[in-house]
>>> print(open('upload32.csv').read())   # CSV, C-alpha atoms
chain,number,residue,atom,x,y,z
O,85,MET,CA,15.1,-37.6,-7.1
O,86,ALA,CA,15.5,-36.4,-10.7
O,87,PHE,CA,18.1,-34.7,-12.8
O,88,PHE,CA,17.7,-32.1,-15.6
O,89,LEU,CA,21.0,-31.2,-17.3
O,90,SER,CA,20.9,-28.0,-19.4
O,91,LYS,CA,22.5,-27.8,-22.8
O,92,ASN,CA,22.8,-24.1,-22.5
O,93,ASP,CA,25.0,-22.2,-20.1
O,94,ALA,CA,22.4,-19.5,-19.8
O,95,VAL,CA,19.9,-22.0,-18.3
O,96,PRO,CA,20.7,-23.7,-15.0
O,97,SER,CA,20.6,-27.4,-14.5
O,98,GLU,CA,18.3,-28.7,-11.8
O,99,LEU,CA,18.1,-31.4,-9.2
O,100,SER,CA,14.6,-32.2,-8.0
O,101,PHE,CA,13.5,-33.9,-4.7
O,102,GLY,CA,10.1,-35.5,-4.0
O,103,GLY,CA,9.2,-36.2,-7.6
O,104,HIS,CA,10.1,-34.9,-11.1
O,105,ASP,CA,9.4,-31.6,-12.8
O,106,GLU,CA,6.8,-31.9,-15.5
O,107,ARG,CA,8.1,-28.7,-17.2
O,108,ARG,CA,11.4,-30.4,-18.0
O,109,VAL,CA,10.0,-33.5,-19.9
O,110,SER,CA,8.6,-33.8,-23.3
O,111,GLU,CA,7.1,-37.3,-22.8
O,112,PRO,CA,6.1,-39.6,-20.0
O,113,LEU,CA,8.9,-41.2,-18.0
O,114,ARG,CA,9.6,-44.8,-18.9
O,115,TRP,CA,11.1,-47.0,-16.2
O,116,THR,CA,13.7,-49.8,-16.0
O,117,GLN,CA,14.8,-51.9,-13.0
O,118,VAL,CA,18.0,-51.3,-11.1
O,119,VAL,CA,20.2,-54.5,-11.0
O,120,GLU,CA,22.6,-55.6,-8.3
O,121,PRO,CA,21.9,-52.5,-6.1
O,122,GLU,CA,24.1,-54.0,-3.4
O,123,LYS,CA,27.1,-52.9,-5.5
O,124,GLY,CA,26.3,-49.3,-4.8
O,125,TYR,CA,25.5,-48.2,-8.3
O,126,TRP,CA,22.4,-47.0,-10.1
O,127,GLN,CA,23.0,-49.9,-12.6
O,128,VAL,CA,20.7,-51.1,-15.3
O,129,ARG,CA,20.7,-54.1,-17.6
O,130,ILE,CA,21.6,-53.5,-21.2
O,131,LYS,CA,20.1,-56.0,-23.6
O,132,ASN,CA,21.9,-54.8,-26.7
O,133,ILE,CA,23.7,-51.8,-28.2
O,134,LYS,CA,23.6,-50.8,-31.9
O,135,ILE,CA,25.8,-48.4,-33.7
O,136,GLY,CA,24.5,-47.3,-37.1
O,137,GLY,CA,21.9,-50.1,-36.9
O,138,VAL,CA,24.5,-52.8,-36.4
O,139,GLU,CA,24.5,-54.7,-33.0
O,140,LEU,CA,27.7,-54.8,-31.0
O,141,PRO,CA,28.7,-58.5,-30.4
O,142,ALA,CA,30.1,-57.5,-27.1
O,143,CYS,CA,26.6,-56.8,-25.8
O,144,GLY,CA,24.8,-59.9,-27.1
O,145,ASP,CA,22.3,-61.9,-25.1
O,146,SER,CA,25.1,-63.9,-23.3
O,147,SER,CA,27.4,-60.9,-22.5
O,148,LYS,CA,25.2,-59.4,-19.8
O,149,CYS,CA,26.2,-55.8,-20.4
O,150,VAL,CA,25.2,-53.3,-17.7
O,151,GLY,CA,25.1,-49.5,-17.7
O,152,ILE,CA,25.8,-47.3,-14.7
O,153,VAL,CA,23.8,-44.1,-14.8
O,154,ASP,CA,26.2,-41.5,-13.4
O,155,SER,CA,25.7,-37.8,-13.3
O,156,GLY,CA,29.4,-37.4,-12.3
O,157,THR,CA,30.8,-38.7,-15.5
O,158,SER,CA,31.0,-36.2,-18.4
O,159,LEU,CA,31.6,-38.8,-21.1
O,160,LEU,CA,30.1,-42.0,-22.4
O,161,GLY,CA,32.0,-44.8,-20.7
O,162,VAL,CA,32.9,-47.8,-22.9
O,163,PRO,CA,34.4,-51.2,-21.8
O,164,SER,CA,38.2,-50.8,-22.4
O,165,LYS,CA,38.4,-54.0,-24.4
O,166,ILE,CA,36.1,-52.6,-27.1
O,167,MET,CA,37.1,-49.0,-26.8
O,168,LYS,CA,39.1,-48.9,-30.1
O,169,ASP,CA,36.4,-50.6,-32.1
O,170,VAL,CA,33.7,-48.2,-30.8
O,171,HIS,CA,36.0,-45.2,-31.6
O,172,TRP,CA,36.4,-46.4,-35.2
O,173,LYS,CA,32.7,-47.0,-35.6
O,174,LEU,CA,31.9,-43.4,-34.4
O,175,ALA,CA,34.7,-41.6,-36.3
O,176,ARG,CA,33.7,-39.5,-39.4
O,177,LYS,CA,35.9,-38.1,-42.1
O,178,VAL,CA,35.2,-34.5,-43.0
O,179,PRO,CA,35.9,-33.3,-46.6
O,180,ASP,CA,38.5,-30.6,-47.2
O,181,ASP,CA,40.0,-28.8,-44.2
O,182,PRO,CA,37.5,-26.2,-43.0
O,183,SER,CA,38.8,-23.3,-40.9
O,184,GLU,CA,35.9,-23.6,-38.4
O,185,LEU,CA,34.2,-26.8,-37.5
O,186,ASP,CA,32.1,-28.1,-34.6
O,187,CYS,CA,31.9,-31.8,-34.8
O,188,ARG,CA,28.6,-31.9,-32.9
O,189,ASN,CA,27.1,-30.5,-36.1
O,190,VAL,CA,28.6,-33.2,-38.3
O,191,GLY,CA,26.3,-36.2,-38.8
O,192,GLY,CA,27.3,-39.6,-37.6
O,193,PRO,CA,25.9,-43.0,-36.7
O,194,GLU,CA,23.2,-43.2,-34.0
O,195,VAL,CA,24.0,-45.2,-30.8
O,196,VAL,CA,20.9,-47.1,-29.7
O,197,VAL,CA,20.8,-48.7,-26.3
O,198,GLU,CA,18.0,-51.2,-25.4
O,199,LEU,CA,17.6,-51.6,-21.7
O,200,GLU,CA,15.7,-54.3,-19.8
O,201,GLY,CA,12.0,-54.0,-20.1
O,202,GLY,CA,12.1,-52.8,-23.7
O,203,LEU,CA,13.1,-49.2,-22.9
O,204,VAL,CA,15.3,-47.7,-25.7
O,205,ILE,CA,17.5,-44.6,-25.4
O,206,SER,CA,19.6,-43.2,-28.2
O,207,MET,CA,22.5,-40.7,-28.8
O,208,GLY,CA,23.3,-38.9,-32.0
O,209,ALA,CA,26.5,-37.3,-33.1
O,210,GLU,CA,25.5,-34.0,-31.4
O,211,ASP,CA,25.4,-35.9,-28.1
O,212,TYR,CA,28.6,-38.0,-28.1
O,213,SER,CA,31.0,-36.0,-30.3
O,214,ARG,CA,34.1,-34.0,-29.3
O,215,PRO,CA,33.5,-30.4,-30.5
O,216,THR,CA,37.0,-30.1,-31.9
O,217,ALA,CA,38.1,-32.2,-34.9
O,218,MET,CA,41.4,-34.0,-35.2
O,219,ARG,CA,43.6,-33.2,-38.2
O,220,VAL,CA,45.8,-36.1,-39.4
O,221,GLU,CA,48.8,-35.2,-41.6
O,222,SER,CA,49.9,-37.6,-44.2
O,223,LYS,CA,51.9,-37.6,-47.5
O,224,THR,CA,48.7,-37.1,-49.4
O,225,GLY,CA,47.6,-34.1,-47.3
O,226,THR,CA,45.4,-33.3,-44.3
O,227,GLN,CA,42.5,-35.4,-43.3
O,228,VAL,CA,40.0,-33.9,-40.8
O,229,VAL,CA,38.3,-36.5,-38.5
O,230,CYS,CA,35.5,-36.0,-36.0
O,231,ARG,CA,35.6,-38.3,-33.0
O,232,ALA,CA,33.5,-39.3,-30.1
O,233,SER,CA,34.2,-38.4,-26.5
O,234,LEU,CA,34.6,-41.7,-24.8
O,235,LEU,CA,35.9,-42.9,-21.5
O,236,PRO,CA,37.6,-46.3,-21.1
O,237,VAL,CA,35.9,-48.4,-18.3
O,238,ASP,CA,37.8,-51.2,-16.6
O,239,MET,CA,36.0,-52.7,-13.6
O,240,GLY,CA,39.1,-54.8,-12.7
O,241,THR,CA,39.3,-58.5,-12.0
O,242,GLU,CA,37.7,-58.6,-8.5
O,243,GLU,CA,35.0,-61.3,-8.0
O,244,GLY,CA,31.7,-60.1,-9.4
O,245,ALA,CA,33.2,-57.3,-11.5
O,246,ASN,CA,31.5,-57.1,-14.9
O,247,PRO,CA,33.9,-56.4,-17.8
O,248,ASN,CA,31.0,-55.4,-20.0
O,249,THR,CA,30.1,-52.3,-17.9
O,250,TRP,CA,29.2,-49.0,-19.7
O,251,ILE,CA,28.8,-45.7,-18.0
O,252,LEU,CA,25.8,-43.6,-19.1
O,253,GLY,CA,27.1,-40.2,-18.3
O,254,GLU,CA,26.3,-36.7,-19.4
O,255,PRO,CA,25.8,-37.5,-23.1
O,256,VAL,CA,22.7,-39.5,-22.0
O,257,LEU,CA,21.7,-37.3,-19.1
O,258,ARG,CA,21.6,-34.1,-21.2
O,259,LYS,CA,19.3,-35.7,-23.7
O,260,TYR,CA,17.1,-37.5,-21.2
O,261,TYR,CA,15.5,-36.2,-18.0
O,262,THR,CA,16.4,-38.9,-15.5
O,263,ALA,CA,14.5,-39.9,-12.3
O,264,PHE,CA,15.7,-42.2,-9.6
O,265,ASP,CA,13.2,-44.1,-7.4
O,266,TRP,CA,14.9,-45.4,-4.3
O,267,ASN,CA,11.8,-47.3,-3.0
O,268,LYS,CA,11.1,-49.2,-6.2
O,269,LEU,CA,14.8,-49.3,-7.3
O,270,GLU,CA,13.9,-48.1,-10.7
O,271,ILE,CA,15.3,-45.4,-13.1
O,272,GLY,CA,13.0,-43.4,-15.4
O,273,PHE,CA,14.0,-41.8,-18.6
O,274,ALA,CA,12.1,-39.2,-20.7
O,275,LEU,CA,13.3,-36.9,-23.4
O,276,ALA,CA,14.3,-33.6,-21.8
O,277,LYS,CA,12.5,-30.4,-22.7
O,278,GLN,CA,15.1,-27.6,-22.8
O,279,PRO,CA,13.6,-24.3,-21.7
O,280,PRO,CA,14.2,-20.9,-23.4
O,281,ALA,CA,17.4,-19.2,-22.3
O,282,GLY,CA,17.0,-17.1,-19.2
O,283,GLU,CA,13.8,-18.8,-18.0
O,284,ALA,CA,13.5,-18.3,-14.2
O,285,LEU,CA,13.1,-21.2,-11.9
O,286,GLY,CA,9.9,-21.8,-10.0
O,287,LEU,CA,6.2,-22.3,-11.0
O,288,PRO,CA,4.8,-20.5,-14.0
O,289,ALA,CA,3.3,-17.1,-13.3
O,290,SER,CA,-0.3,-18.4,-14.1
O,291,ALA,CA,0.1,-20.9,-11.2
O,292,SER,CA,0.8,-18.3,-8.6
O,293,ALA,CA,-2.3,-16.2,-9.5
O,294,SER,CA,-4.9,-18.5,-8.0
O,295,SER,CA,-5.8,-18.6,-4.3
O,296,GLY,CA,-6.2,-21.5,-1.9
O,297,PRO,CA,-4.0,-24.6,-1.4
O,298,LYS,CA,-1.8,-25.5,-4.3
O,299,PRO,CA,-0.3,-28.9,-5.3
O,300,GLN,CA,3.3,-29.3,-4.1
O,301,ALA,CA,5.7,-29.4,-7.0
O,302,PRO,CA,9.0,-31.2,-6.7
O,303,GLN,CA,11.6,-29.0,-5.0
O,304,SER,CA,14.3,-28.1,-7.5
O,305,ILE,CA,17.7,-26.5,-6.9
O,306,VAL,CA,20.2,-25.1,-9.3
O,307,VAL,CA,23.1,-27.3,-10.0
>>> encode(input="upload32.csv", output="structure tokens")
Amino acid sequence: MAFFLSKNDAVPSELSFGGHDERRVSEPLRWTQVVEPEKGYWQVRIKNIKIGGVELPACGDSSKCVGIVDSGTSLLGVPSKIMKDVHWKLARKVPDDPSELDCRNVGGPEVVVELEGGLVISMGAEDYSRPTAMRVESKTGTQVVCRASLLPVDMGTEEGANPNTWILGEPVLRKYYTAFDWNKLEIGFALAKQPPAGEALGLPASASASSGPKPQAPQSIVV
């Protein structure tokens, strides 16, 4: 099973069964192992996370951070105990007070996540930012601030709960085409290739012109 999440409302997202759709990837899939599948999550081991090139102490070698890959979460999930710190690290001050502003177009620090096996995924400001800025009023005037869209994650205190759990939701899945291999218990990531607006689903026209048996492409449905 594989997910393609579109960045454009004019292009449908896709869920593929029986393999992945080569038209929706711009590079080969890279795989990482699922950990503790008995918990019921598509969960991967995070070796470290860097924001703006600086490693977060909360995800050092001894912290055993994990990330749950979840298509049902629209934000980047951050452990609640470091939520405030991550917010501060991703916030950006905008000069003046522009009448129109989309924070996804305002540069910010890159978030780089290294998964087990050396696989690295990253998110830029265009991936994690709230579109709308926050305006802070003070005695000295108005300060415009761009913020990240983050979700606090608290796995509770039950036995086996990991307080260093992140949720890799839509900010990751829109940038990366994601494949889930149930037999091998692996998750594959590849930079997604966004199609032109209005592109129809199905095989390219050139593929339907030939006769005889054709290779079976993964079945995709509109999401």
>>> closest_residue(input="upload32.csv", among="O:Ile166, O:Leu174, O:Leu199, O:Cys230", to="Lys148 in chain O", atoms="all atoms listed in the file")
O:Leu199
>>> atom_distance(input="upload32.csv", atom1="CA of Arg129 in chain O", atom2="CA of Ile152 in chain O")
9.0 Å
>>> closest_residue(input="upload32.csv", among="O:Glu139, O:Val178, O:Lys168, O:Tyr125", to="Thr226 in chain O", atoms="all atoms listed in the file")
O:Val178
>>> atom_distance(input="upload32.csv", atom1="CA of Asn132 in chain O", atom2="CA of Thr249 in chain O")
12.3 Å
>>> closest_residue(input="upload32.csv", among="O:Val153, O:Pro182, O:Pro96, O:Leu89", to="Gly124 in chain O", atoms="only C-alpha atoms")
O:Val153
>>> atom_distance(input="upload32.csv", atom1="CA of Phe87 in chain O", atom2="CA of Ser155 in chain O")
8.2 Å
>>> residues_around(input="upload32.csv", residues="Arg108 in chain O", least_positions_apart="3", cutoff="6 Å", atoms="all atoms listed in the file", output="list in words")
Asp105, Ala276 and Lys277 of chain O
>>> closest_residue(input="upload32.csv", among="O:Val170, O:Val109, O:Ala232, O:Val150", to="Glu198 in chain O", atoms="all atoms listed in the file")
O:Val150
>>> residues_around(input="upload32.csv", residues="Val229 in chain O", least_positions_apart="2", cutoff="9 Å", atoms="only C-alpha atoms", output="PyMOL selection string")
chain O and resi 175-178+187+217-220+227+231
>>> write_last_selection(input="upload32.csv", atoms="C-alpha atoms", output="JSON list (two decimals), in the frame of the given file")
[["chain", "number", "residue", "atom", "x", "y", "z"],
["O", 175, "ALA", "CA", 34.70, -41.60, -36.30],
["O", 176, "ARG", "CA", 33.70, -39.50, -39.40],
["O", 177, "LYS", "CA", 35.90, -38.10, -42.10],
["O", 178, "VAL", "CA", 35.20, -34.50, -43.00],
["O", 187, "CYS", "CA", 31.90, -31.80, -34.80],
["O", 217, "ALA", "CA", 38.10, -32.20, -34.90],
["O", 218, "MET", "CA", 41.40, -34.00, -35.20],
["O", 219, "ARG", "CA", 43.60, -33.20, -38.20],
["O", 220, "VAL", "CA", 45.80, -36.10, -39.40],
["O", 227, "GLN", "CA", 42.50, -35.40, -43.30],
["O", 231, "ARG", "CA", 35.60, -38.30, -33.00]]
>>> residues_around(input="upload32.csv", residues="Tyr212 in chain O", least_positions_apart="4", cutoff="7 Å", atoms="all atoms listed in the file", output="mmCIF file with C-alpha atoms, in the coordinates of the input")
data_model
loop_
_atom_site.group_PDB
_atom_site.id
_atom_site.type_symbol
_atom_site.label_atom_id
_atom_site.label_comp_id
_atom_site.auth_asym_id
_atom_site.auth_seq_id
_atom_site.Cartn_x
_atom_site.Cartn_y
_atom_site.Cartn_z
ATOM 1 C CA MET O 207 22.500 -40.700 -28.800
ATOM 2 C CA GLY O 208 23.300 -38.900 -32.000
ATOM 3 C CA ALA O 232 33.500 -39.300 -30.100
ATOM 4 C CA SER O 233 34.200 -38.400 -26.500
ATOM 5 C CA PRO O 255 25.800 -37.500 -23.100
#
>>> closest_residue(input="upload32.csv", among="O:Lys131, O:His104, O:Arg258, O:Lys123", to="Asn92 in chain O", atoms="all atoms listed in the file")
O:Arg258
>>> closest_residue(input="upload32.csv", among="O:Thr216, O:Ile205, O:Trp115, O:Trp172", to="Glu184 in chain O", atoms="all atoms listed in the file")
O:Thr216
>>> residues_near_point(input="upload32.csv", point="(28.6, -38.7, -24.2)", cutoff="7 Å", atoms="only C-alpha atoms", output="VMD selection string")
chain O and resid 158 to 160 211 to 212 233 to 234 253 to 256
>>> residues_near_point(input="upload32.csv", point="(10.3, -40.2, -6.4)", cutoff="12 Å", atoms="all atoms listed in the file", output="list in words")
Met85, Ala86, Phe87, Ser100, Phe101, Gly102, Gly103, His104, Asp105, Leu113, Trp115, Thr262, Ala263, Phe264, Asp265, Trp266, Asn267, Lys268, Leu269, Glu270, Ile271, Gly272, Ala301, Pro302 and Gln303 of chain O
>>> residues_around(input="upload32.csv", residues="Lys165 in chain O", least_positions_apart="6", cutoff="10 Å", atoms="only C-alpha atoms", output="PDB file with C-alpha atoms, in the frame of the given file")
ATOM      1  CA  ALA O 142      30.100 -57.500 -27.100  1.00  0.00           C
ATOM      2  CA  PRO O 236      37.600 -46.300 -21.100  1.00  0.00           C
ATOM      3  CA  VAL O 237      35.900 -48.400 -18.300  1.00  0.00           C
ATOM      4  CA  ASP O 238      37.800 -51.200 -16.600  1.00  0.00           C
ATOM      5  CA  PRO O 247      33.900 -56.400 -17.800  1.00  0.00           C
ATOM      6  CA  ASN O 248      31.000 -55.400 -20.000  1.00  0.00           C
TER       7      ASN O 248
END
